[in-house]
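Student: Next up is a structure, given as structure tokens.
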Amino acid sequence: MEKIIKGKAFVLGDNIDTDQIIPAEHLVYSLSDPEESRKYGQYALSGTPLPEAGLPDGGVPFIKEGQNQTEYKIIIGGSNFGCGSSREHAPFALQKAGAEAVVAESYARIFYRNSVDGGFIIPLESMQKLNDKISTGDELEINLSTNNLTNKTTGKTYGLNALGDVLPIINAGGLFEYARTSGMLK
Amino acid sequence: MAMTITEKILARSAGKKVVRPGENLWLNVDTLMTHDVCGPPTIQIWKKEFGEKAKIWDKNKVVIFPDHYIFTADVHANRNVSILREFAKEYDLPNYFDVGTDRYKGVCHVALAEEGFNLPGTVLFGTDSHTCTSGAFGMFSTGVGNTDAAFILGTGKIWEKVPESMKFVFNGQMPEYLTAKDLILHILGDITTDGATYRAMEFDGSTIFSLSVDERMTLTNMAIEAGGMNGIIAADKVIIDYVKCRTKENFQLYYSDPDAKYHSIREYDTEKLVPVVAKPHSPDNRDAVRNVQGTKLTKCYIGSCTGGKLTDFEAAAKILIGQQVKVPTFIVPATTLVAKELEEVTYQGISIKEILEKAGCEIAQPSCAACLGGPADTVGRSVDYDVVISTTNRNFPGRMGSKKAGVYLASPLTVAASAVKGVITDPREFLR
Ligand code: SF4
């Protein structure tokens, strides 16, 4: 795992559910076919109503029309990020789009597990509400050794909760890799 | 040490005497369920990770129901079902219920119960967030993603954190204008969509044990809407009789100790509750039906794992008998068995199906249908600025199709009353 993640912020509200992350109609594409799976990047966060995408002003698409890569590497959410369905396509879509981490106050259990066990994206918990303090486009730097997030644009630093029990799985790169390195799987 | 029912079941599954909330365990899984949306990627991950010599840990414990995108011309959706079909054939799976055959069942969570896979005391994982439904059978059940499911498919094991338990006690007789949907929407309004995140929701009280199996499943189904890891109701005679009719498998009963520790306990006087809806766009956006009475509707929908069971249609028929719906009203039985029961079960001497048809409802084939929007040709899918009242479990933006549409969640009684009036209507207007 990289210890430093740098990138632009994309800010969302509370209760971002998996239908907003990847709408159900797109779940039919293959996740393993390299060509077809790009569509997951293309449609990542396409279910979020536009006025609520890219806060505080809103109206900012996560992916520009006709593209499948985002310019925002770090997603800032509020509480209950990833609630809703069990679709692993959700953290997969964010990874496909080029995002590396989500920072939210709290997560729905299945989204959190899927992010970690699939090795898609790092779900970090902020110690305080951040989606009202960071603006879309701000340059952020996350330090995973010190569990801090610095907003280079404003110069402010915020604390993140330590990853705890799931850190070995994230370090290994996912559940299967973890099980292999720990000898559970041969 | 005193334990809750959830803790006891997880302890058994992990081979431990005692477990405590917060502890991470490796569980031995009793049943793995998957469907057409998450099954194919699960199989692909399993093949990739376990390679050439990939072996299913126990064929008899894997249950697969195509149910989500079934009756559609969408090529990708149909490809998913083909992947399941080939997988089932290649590995000679006994519990695959293919569409287009007389083995087809429909919505997985209801079919699991009907086919005898829900066994008290066991641990079931499924690639669907509403896998918590099976908790109505005094078992631990929860949803996971494809990677976790692929891991289970190959090893029969998975890690889980022991949840703290929250207890919800309903006492008193259920008034005829309420259903289990009203009870769970009341809870959601109280604790919100993350009020039970990473926790178990245990239901108890005289009201709960007076409910039918169908109605209990409506409650546990929506534990996930509060973020719950699992919903659970201890098995009683009603459940034991239901299970014994469907399987010869042995099972074990577990009950919470009287002095078990809970995160919190909430008590409700059922007789004092009123019919409620969850307004757009969140299942916790509760309001009394009375307060939104008169809201103009463009569609009504009765279906899904939480709202498309026999008792849901019986409730609707009570109101729709001899009436005409004013807006397009879709009836989607969860399973083929429910569809058959609609023809066989009568109310005032008339079959439920006939009552619904005569009232002008459109009856669709059993599947998930528009509960999750689905491909463009899905029956009942919301379009544009539709205003829908539905017995389903989620009303996030775009969940039933159009991002611009608004969905109200309600009991089948409230949906039926609203269908007759064409505007949101309190079922008490019809049940006096
Ligand atoms: S009916 Fe709806 S909630 Fe139930 S399994 Fe199908 S899509 Fe999910």
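Residues are referred to by chain and number: the chain letter is A, B, ... according to the order shown in the structure tokens, the number counts from 1 in that chain, and ligands are numbered separately from 1 in the order shown.
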Residues of chain A within 10 Å of chain B, counting only C-alpha atoms, what are they? List them as a PyMOL selection string.
Tutor: chain A and resi 15-20+23-32+47-49+79-81+83-90+106-111+113-119+165+174-177+179+184-186
Student: Any idea what's packed within 8 Å of Ser126 (chain A), counting only C-alpha atoms, ignoring anything in its chain fewer than 2 positions away? Could you give it as a list in words?
Tutor: Val103, Ala104, Glu105, Ser106, Leu124, Gln128, Lys129, Leu130, Tyr158, Gly159, Leu160 and Asn161 of chain A
Student: Could you tell me how far CA of Thr31 (chain B) sits from CA of Leu183 (chain B), in Å to one decimal place?
Tutor: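 Separation between CA of Leu183 (chain B) and CA of Thr31 (chain B): 28.8 Å.
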Student: With only C-alpha atoms and all ligand atoms counted, collect every polymer residue having an atom within 8 Å of ligand 1; state the result as a PyMOL selection string.
Tutor: (chain A and resi 85) or (chain B and resi 67-68+107-109+128-130+303-306+334+367-372+392-394)
Student: Could those residues be written to a file, using N, CA, C and O atoms, as a JSON list (two decimals), in the first residue's frame?
Tutor:
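New file result-v5.json:
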```json
[["chain", "number", "residue", "atom", "x", "y", "z"],
["A", 85, "SER", "N", -27.33, -1.45, -1.74],
["A", 85, "SER", "CA", -27.20, -2.83, -2.18],
["A", 85, "SER", "C", -25.80, -3.38, -1.92],
["A", 85, "SER", "O", -24.89, -2.66, -1.56],
["B", 67, "ASP", "N", -32.99, -14.07, -10.68],
["B", 67, "ASP", "CA", -34.22, -13.39, -10.27],
["B", 67, "ASP", "C", -34.26, -11.91, -10.62],
["B", 67, "ASP", "O", -35.33, -11.32, -10.74],
["B", 68, "HIS", "N", -33.09, -11.29, -10.80],
["B", 68, "HIS", "CA", -33.09, -9.83, -10.93],
["B", 68, "HIS", "C", -33.52, -9.34, -12.31],
["B", 68, "HIS", "O", -34.52, -8.67, -12.45],
["B", 107, "VAL", "N", -37.74, -14.36, -6.76],
["B", 107, "VAL", "CA", -36.88, -13.58, -5.87],
["B", 107, "VAL", "C", -36.25, -14.45, -4.77],
["B", 107, "VAL", "O", -36.93, -15.11, -3.99],
["B", 108, "CYS", "N", -34.92, -14.39, -4.75],
["B", 108, "CYS", "CA", -34.10, -15.29, -3.94],
["B", 108, "CYS", "C", -34.50, -15.38, -2.46],
["B", 108, "CYS", "O", -34.60, -16.48, -1.92],
["B", 109, "HIS", "N", -34.74, -14.25, -1.81],
["B", 109, "HIS", "CA", -34.95, -14.30, -0.36],
["B", 109, "HIS", "C", -36.23, -15.02, 0.02],
["B", 109, "HIS", "O", -36.30, -15.68, 1.06],
["B", 128, "ASP", "N", -26.35, -10.41, -1.73],
["B", 128, "ASP", "CA", -27.46, -9.46, -1.87],
["B", 128, "ASP", "C", -27.69, -8.85, -0.50],
["B", 128, "ASP", "O", -27.73, -9.57, 0.50],
["B", 129, "SER", "N", -27.84, -7.53, -0.47],
["B", 129, "SER", "CA", -27.94, -6.87, 0.83],
["B", 129, "SER", "C", -29.16, -7.32, 1.63],
["B", 129, "SER", "O", -29.15, -7.31, 2.84],
["B", 130, "HIS", "N", -30.22, -7.75, 0.94],
["B", 130, "HIS", "CA", -31.42, -8.18, 1.67],
["B", 130, "HIS", "C", -31.36, -9.63, 2.13],
["B", 130, "HIS", "O", -32.38, -10.19, 2.54],
["B", 303, "GLY", "N", -44.91, -5.52, -4.93],
["B", 303, "GLY", "CA", -44.00, -6.59, -5.33],
["B", 303, "GLY", "C", -42.74, -6.58, -4.50],
["B", 303, "GLY", "O", -42.67, -5.90, -3.47],
["B", 304, "SER", "N", -41.76, -7.39, -4.89],
["B", 304, "SER", "CA", -40.43, -7.51, -4.26],
["B", 304, "SER", "C", -40.39, -8.52, -3.13],
["B", 304, "SER", "O", -41.40, -9.06, -2.72],
["B", 305, "CYS", "N", -39.15, -8.72, -2.61],
["B", 305, "CYS", "CA", -38.96, -9.67, -1.52],
["B", 305, "CYS", "C", -39.63, -9.20, -0.25],
["B", 305, "CYS", "O", -40.06, -10.00, 0.57],
["B", 306, "THR", "N", -39.74, -7.90, -0.07],
["B", 306, "THR", "CA", -40.36, -7.41, 1.16],
["B", 306, "THR", "C", -41.87, -7.21, 0.99],
["B", 306, "THR", "O", -42.62, -7.33, 1.95],
["B", 334, "ALA", "N", -43.48, -12.31, -5.75],
["B", 334, "ALA", "CA", -42.04, -12.53, -5.57],
["B", 334, "ALA", "C", -41.60, -13.82, -6.25],
["B", 334, "ALA", "O", -40.56, -13.87, -6.88],
["B", 367, "SER", "N", -40.40, -11.97, -10.34],
["B", 367, "SER", "CA", -38.98, -11.60, -10.41],
["B", 367, "SER", "C", -38.82, -10.31, -9.62],
["B", 367, "SER", "O", -39.78, -9.83, -9.03],
["B", 368, "CYS", "N", -37.61, -9.75, -9.63],
["B", 368, "CYS", "CA", -37.38, -8.50, -8.92],
["B", 368, "CYS", "C", -38.04, -7.32, -9.64],
["B", 368, "CYS", "O", -38.40, -6.32, -9.02],
["B", 369, "ALA", "N", -38.15, -7.43, -10.96],
["B", 369, "ALA", "CA", -38.80, -6.42, -11.80],
["B", 369, "ALA", "C", -38.34, -5.00, -11.45],
["B", 369, "ALA", "O", -37.15, -4.76, -11.30],
["B", 370, "ALA", "N", -39.26, -4.07, -11.28],
["B", 370, "ALA", "CA", -38.89, -2.65, -11.16],
["B", 370, "ALA", "C", -38.45, -2.26, -9.75],
["B", 370, "ALA", "O", -38.15, -1.10, -9.51],
["B", 371, "CYS", "N", -38.39, -3.23, -8.83],
["B", 371, "CYS", "CA", -37.91, -2.91, -7.48],
["B", 371, "CYS", "C", -36.55, -2.22, -7.55],
["B", 371, "CYS", "O", -36.26, -1.34, -6.78],
["B", 372, "LEU", "N", -35.72, -2.64, -8.50],
["B", 372, "LEU", "CA", -34.41, -1.98, -8.65],
["B", 372, "LEU", "C", -34.26, -1.41, -10.05],
["B", 372, "LEU", "O", -33.17, -1.42, -10.62],
["B", 392, "THR", "N", -42.07, -1.86, -1.99],
["B", 392, "THR", "CA", -40.68, -2.30, -2.00],
["B", 392, "THR", "C", -39.91, -1.69, -0.82],
["B", 392, "THR", "O", -40.51, -1.08, 0.06],
["B", 393, "ASN", "N", -38.59, -1.84, -0.82],
["B", 393, "ASN", "CA", -37.85, -1.48, 0.38],
["B", 393, "ASN", "C", -36.91, -0.28, 0.24],
["B", 393, "ASN", "O", -36.37, 0.19, 1.23],
["B", 394, "ARG", "N", -36.71, 0.20, -0.97],
["B", 394, "ARG", "CA", -35.77, 1.33, -1.14],
["B", 394, "ARG", "C", -36.37, 2.40, -2.03],
["B", 394, "ARG", "O", -36.98, 2.06, -3.04]]
```
Student: Just list the residues in region 47-89 of chain B DSSP gives alpha helix (DSSP H) on the backbone, as a PyMOL selection string.
Tutor: chain B and resi 47-50+75-89
Student: State, in Å with one decimal place, the distance from CA of Ile75 (chain A) to CA of Tyr178 (chain A).
Tutor: 25.4 Å
Student: Near Val18 (chain B), within 10 Å and counting only C-alpha atoms, which residues show up once chain neighbours fewer than 6 positions away are dropped, as an NGL selection string?
Tutor: :B and (1-3 or 7-8 or 10-12)
Student: List every residue of chain A that DSSP, applied to the backbone of this structure, assigns to strand (DSSP E), and report them as a ChimeraX atom specification.
Tutor: /A:4-11,74-76,101-104,122-125,139-143,148-151,156-159
Student: Mind writing the picked residues with N, CA, C and O atoms as a CSV table (one decimal), in the first residue's frame?
Tutor:
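Result file again-v6.csv:
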```csv
chain,number,residue,atom,x,y,z
A,4,ILE,N,1.3,7.5,0.9
A,4,ILE,CA,0.8,8.9,0.7
A,4,ILE,C,-0.1,8.8,-0.5
A,4,ILE,O,0.2,8.3,-1.6
A,5,ILE,N,-1.3,9.4,-0.4
A,5,ILE,CA,-2.2,9.5,-1.5
A,5,ILE,C,-2.5,11.0,-1.8
A,5,ILE,O,-2.9,11.7,-0.9
A,6,LYS,N,-2.2,11.4,-3.0
A,6,LYS,CA,-2.4,12.8,-3.3
A,6,LYS,C,-3.4,13.0,-4.5
A,6,LYS,O,-3.4,12.1,-5.4
A,7,GLY,N,-4.2,14.0,-4.4
A,7,GLY,CA,-5.1,14.2,-5.5
A,7,GLY,C,-6.1,15.2,-5.2
A,7,GLY,O,-6.2,15.8,-4.1
A,8,LYS,N,-7.0,15.5,-6.2
A,8,LYS,CA,-8.1,16.5,-6.1
A,8,LYS,C,-9.3,15.8,-5.3
A,8,LYS,O,-9.5,14.7,-5.5
A,9,ALA,N,-10.0,16.7,-4.6
A,9,ALA,CA,-11.1,16.2,-3.9
A,9,ALA,C,-12.4,16.3,-4.7
A,9,ALA,O,-12.6,17.2,-5.5
A,10,PHE,N,-13.3,15.3,-4.6
A,10,PHE,CA,-14.6,15.3,-5.1
A,10,PHE,C,-15.6,15.2,-3.9
A,10,PHE,O,-15.5,14.1,-3.3
A,11,VAL,N,-16.3,16.2,-3.7
A,11,VAL,CA,-17.1,16.2,-2.4
A,11,VAL,C,-18.6,15.9,-2.7
A,11,VAL,O,-19.2,16.4,-3.6
A,74,ILE,N,-9.6,11.6,-4.8
A,74,ILE,CA,-10.1,11.4,-3.4
A,74,ILE,C,-11.5,11.8,-3.3
A,74,ILE,O,-11.9,13.0,-3.6
A,75,ILE,N,-12.4,10.9,-2.9
A,75,ILE,CA,-13.8,11.3,-2.7
A,75,ILE,C,-14.1,11.6,-1.2
A,75,ILE,O,-13.7,10.8,-0.3
A,76,ILE,N,-14.7,12.7,-1.0
A,76,ILE,CA,-15.0,13.1,0.4
A,76,ILE,C,-16.5,12.9,0.5
A,76,ILE,O,-17.3,13.6,-0.1
A,101,ALA,N,-9.1,6.7,-2.9
A,101,ALA,CA,-9.5,6.6,-1.5
A,101,ALA,C,-10.9,7.3,-1.4
A,101,ALA,O,-11.2,8.3,-2.2
A,102,VAL,N,-11.6,6.9,-0.4
A,102,VAL,CA,-12.8,7.6,0.0
A,102,VAL,C,-12.6,8.0,1.4
A,102,VAL,O,-12.0,7.2,2.2
A,103,VAL,N,-12.9,9.2,1.8
A,103,VAL,CA,-12.9,9.7,3.2
A,103,VAL,C,-14.3,10.0,3.6
A,103,VAL,O,-14.9,10.9,3.0
A,104,ALA,N,-14.8,9.3,4.5
A,104,ALA,CA,-16.2,9.6,5.0
A,104,ALA,C,-16.3,9.5,6.5
A,104,ALA,O,-15.4,8.9,7.1
A,122,ILE,N,-9.4,2.5,-0.8
A,122,ILE,CA,-9.2,2.6,0.7
A,122,ILE,C,-10.3,3.4,1.3
A,122,ILE,O,-10.4,4.6,1.0
A,123,PRO,N,-11.1,2.8,2.2
A,123,PRO,CA,-12.2,3.5,2.8
A,123,PRO,C,-11.7,4.1,4.2
A,123,PRO,O,-11.5,3.3,5.1
A,124,LEU,N,-11.5,5.4,4.2
A,124,LEU,CA,-11.0,6.0,5.5
A,124,LEU,C,-12.1,6.7,6.2
A,124,LEU,O,-12.9,7.3,5.6
A,125,GLU,N,-12.0,6.6,7.5
A,125,GLU,CA,-13.0,7.3,8.3
A,125,GLU,C,-12.4,8.6,8.9
A,125,GLU,O,-11.3,8.6,9.5
A,139,GLU,N,-6.8,20.5,-3.5
A,139,GLU,CA,-5.7,19.5,-3.5
A,139,GLU,C,-5.5,18.9,-2.2
A,139,GLU,O,-5.2,19.6,-1.2
A,140,LEU,N,-5.6,17.6,-2.1
A,140,LEU,CA,-5.5,16.9,-0.8
A,140,LEU,C,-4.3,16.0,-0.8
A,140,LEU,O,-3.8,15.5,-1.8
A,141,GLU,N,-3.8,15.8,0.5
A,141,GLU,CA,-2.8,14.8,0.7
A,141,GLU,C,-3.1,13.9,1.9
A,141,GLU,O,-3.3,14.5,3.0
A,142,ILE,N,-3.2,12.6,1.7
A,142,ILE,CA,-3.5,11.7,2.8
A,142,ILE,C,-2.2,11.0,3.2
A,142,ILE,O,-1.6,10.4,2.3
A,143,ASN,N,-1.9,11.0,4.5
A,143,ASN,CA,-0.7,10.3,5.0
A,143,ASN,C,-1.2,9.1,5.8
A,143,ASN,O,-1.8,9.3,6.9
A,148,ASN,N,-3.5,11.2,8.7
A,148,ASN,CA,-3.9,12.6,8.6
A,148,ASN,C,-4.3,12.9,7.1
A,148,ASN,O,-3.8,12.3,6.2
A,149,LEU,N,-5.2,13.9,7.0
A,149,LEU,CA,-5.5,14.4,5.7
A,149,LEU,C,-5.2,15.9,5.7
A,149,LEU,O,-5.7,16.6,6.6
A,150,THR,N,-4.4,16.3,4.7
A,150,THR,CA,-4.0,17.8,4.7
A,150,THR,C,-4.7,18.3,3.4
A,150,THR,O,-4.6,17.8,2.3
A,151,ASN,N,-5.4,19.4,3.6
A,151,ASN,CA,-5.9,20.2,2.5
A,151,ASN,C,-4.9,21.2,2.1
A,151,ASN,O,-4.7,22.2,2.7
A,156,LYS,N,-5.2,23.3,5.9
A,156,LYS,CA,-5.7,22.7,7.2
A,156,LYS,C,-5.5,21.2,7.2
A,156,LYS,O,-5.5,20.5,6.1
A,157,THR,N,-5.2,20.6,8.4
A,157,THR,CA,-5.0,19.2,8.5
A,157,THR,C,-6.1,18.6,9.4
A,157,THR,O,-6.5,19.2,10.4
A,158,TYR,N,-6.6,17.4,9.0
A,158,TYR,CA,-7.6,16.7,9.8
A,158,TYR,C,-7.2,15.3,10.1
A,158,TYR,O,-6.5,14.7,9.4
A,159,GLY,N,-7.7,14.8,11.2
A,159,GLY,CA,-7.3,13.4,11.7
A,159,GLY,C,-8.2,12.4,11.1
A,159,GLY,O,-9.4,12.6,10.8
```
Student: What gap, in Å, lies between CA of Lys309 (chain B) and CA of Lys105 (chain B)?
Tutor: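 Those two atoms sit 12.8 Å apart.
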Student: Would you list the contacts of Pro61 (chain A) as a PyMOL selection string, taking every protein, DNA or RNA residue within 9 Å and counting only C-alpha atoms, but skipping same-chain residues closer than 6 positions in sequence?
Tutor: chain A and resi 45-46+48+50+53-54
Student: Just checking: using only C-alpha atoms, which residue out of A:Ile21, A:Ile134, A:Ala44, A:Val60 ends up closest to Lys96 (chain A)?
Tutor: A:Ala44
Student: Find the spatial neighbours of Tyr96 (chain B), counting only C-alpha atoms, within a cut-off of 7 Å - ignore same-chain residues fewer than 4 positions away - and output them as a PyMOL selection string.
Tutor: chain B and resi 63-65+88
Student: Using only N, CA and C atoms, please write the residues we just selected to a file, as a PDB file, in the first residue's frame.
Tutor:
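Once written, again_8.pdb looks like this:
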```pdb
ATOM      1  N   VAL B  63     -26.639 -22.154  -3.292  1.00  0.00           N
ATOM      2  CA  VAL B  63     -27.987 -22.012  -3.842  1.00  0.00           C
ATOM      3  C   VAL B  63     -28.007 -20.813  -4.787  1.00  0.00           C
ATOM      4  N   ILE B  64     -28.480 -21.036  -6.005  1.00  0.00           N
ATOM      5  CA  ILE B  64     -28.450 -19.957  -7.007  1.00  0.00           C
ATOM      6  C   ILE B  64     -29.831 -19.735  -7.623  1.00  0.00           C
ATOM      7  N   PHE B  65     -30.293 -18.501  -7.496  1.00  0.00           N
ATOM      8  CA  PHE B  65     -31.583 -18.125  -8.080  1.00  0.00           C
ATOM      9  C   PHE B  65     -31.397 -16.988  -9.085  1.00  0.00           C
ATOM     10  N   ALA B  88     -23.680 -24.023 -13.384  1.00  0.00           N
ATOM     11  CA  ALA B  88     -24.465 -25.053 -12.697  1.00  0.00           C
ATOM     12  C   ALA B  88     -24.310 -26.405 -13.394  1.00  0.00           C
TER      13      ALA B  88
END
```
Student: Nearest residue to Pro51 (chain A) out of A:Gly13, A:Pro91, A:Gly137, A:Gly66, using only C-alpha atoms?
Tutor: A:Gly13
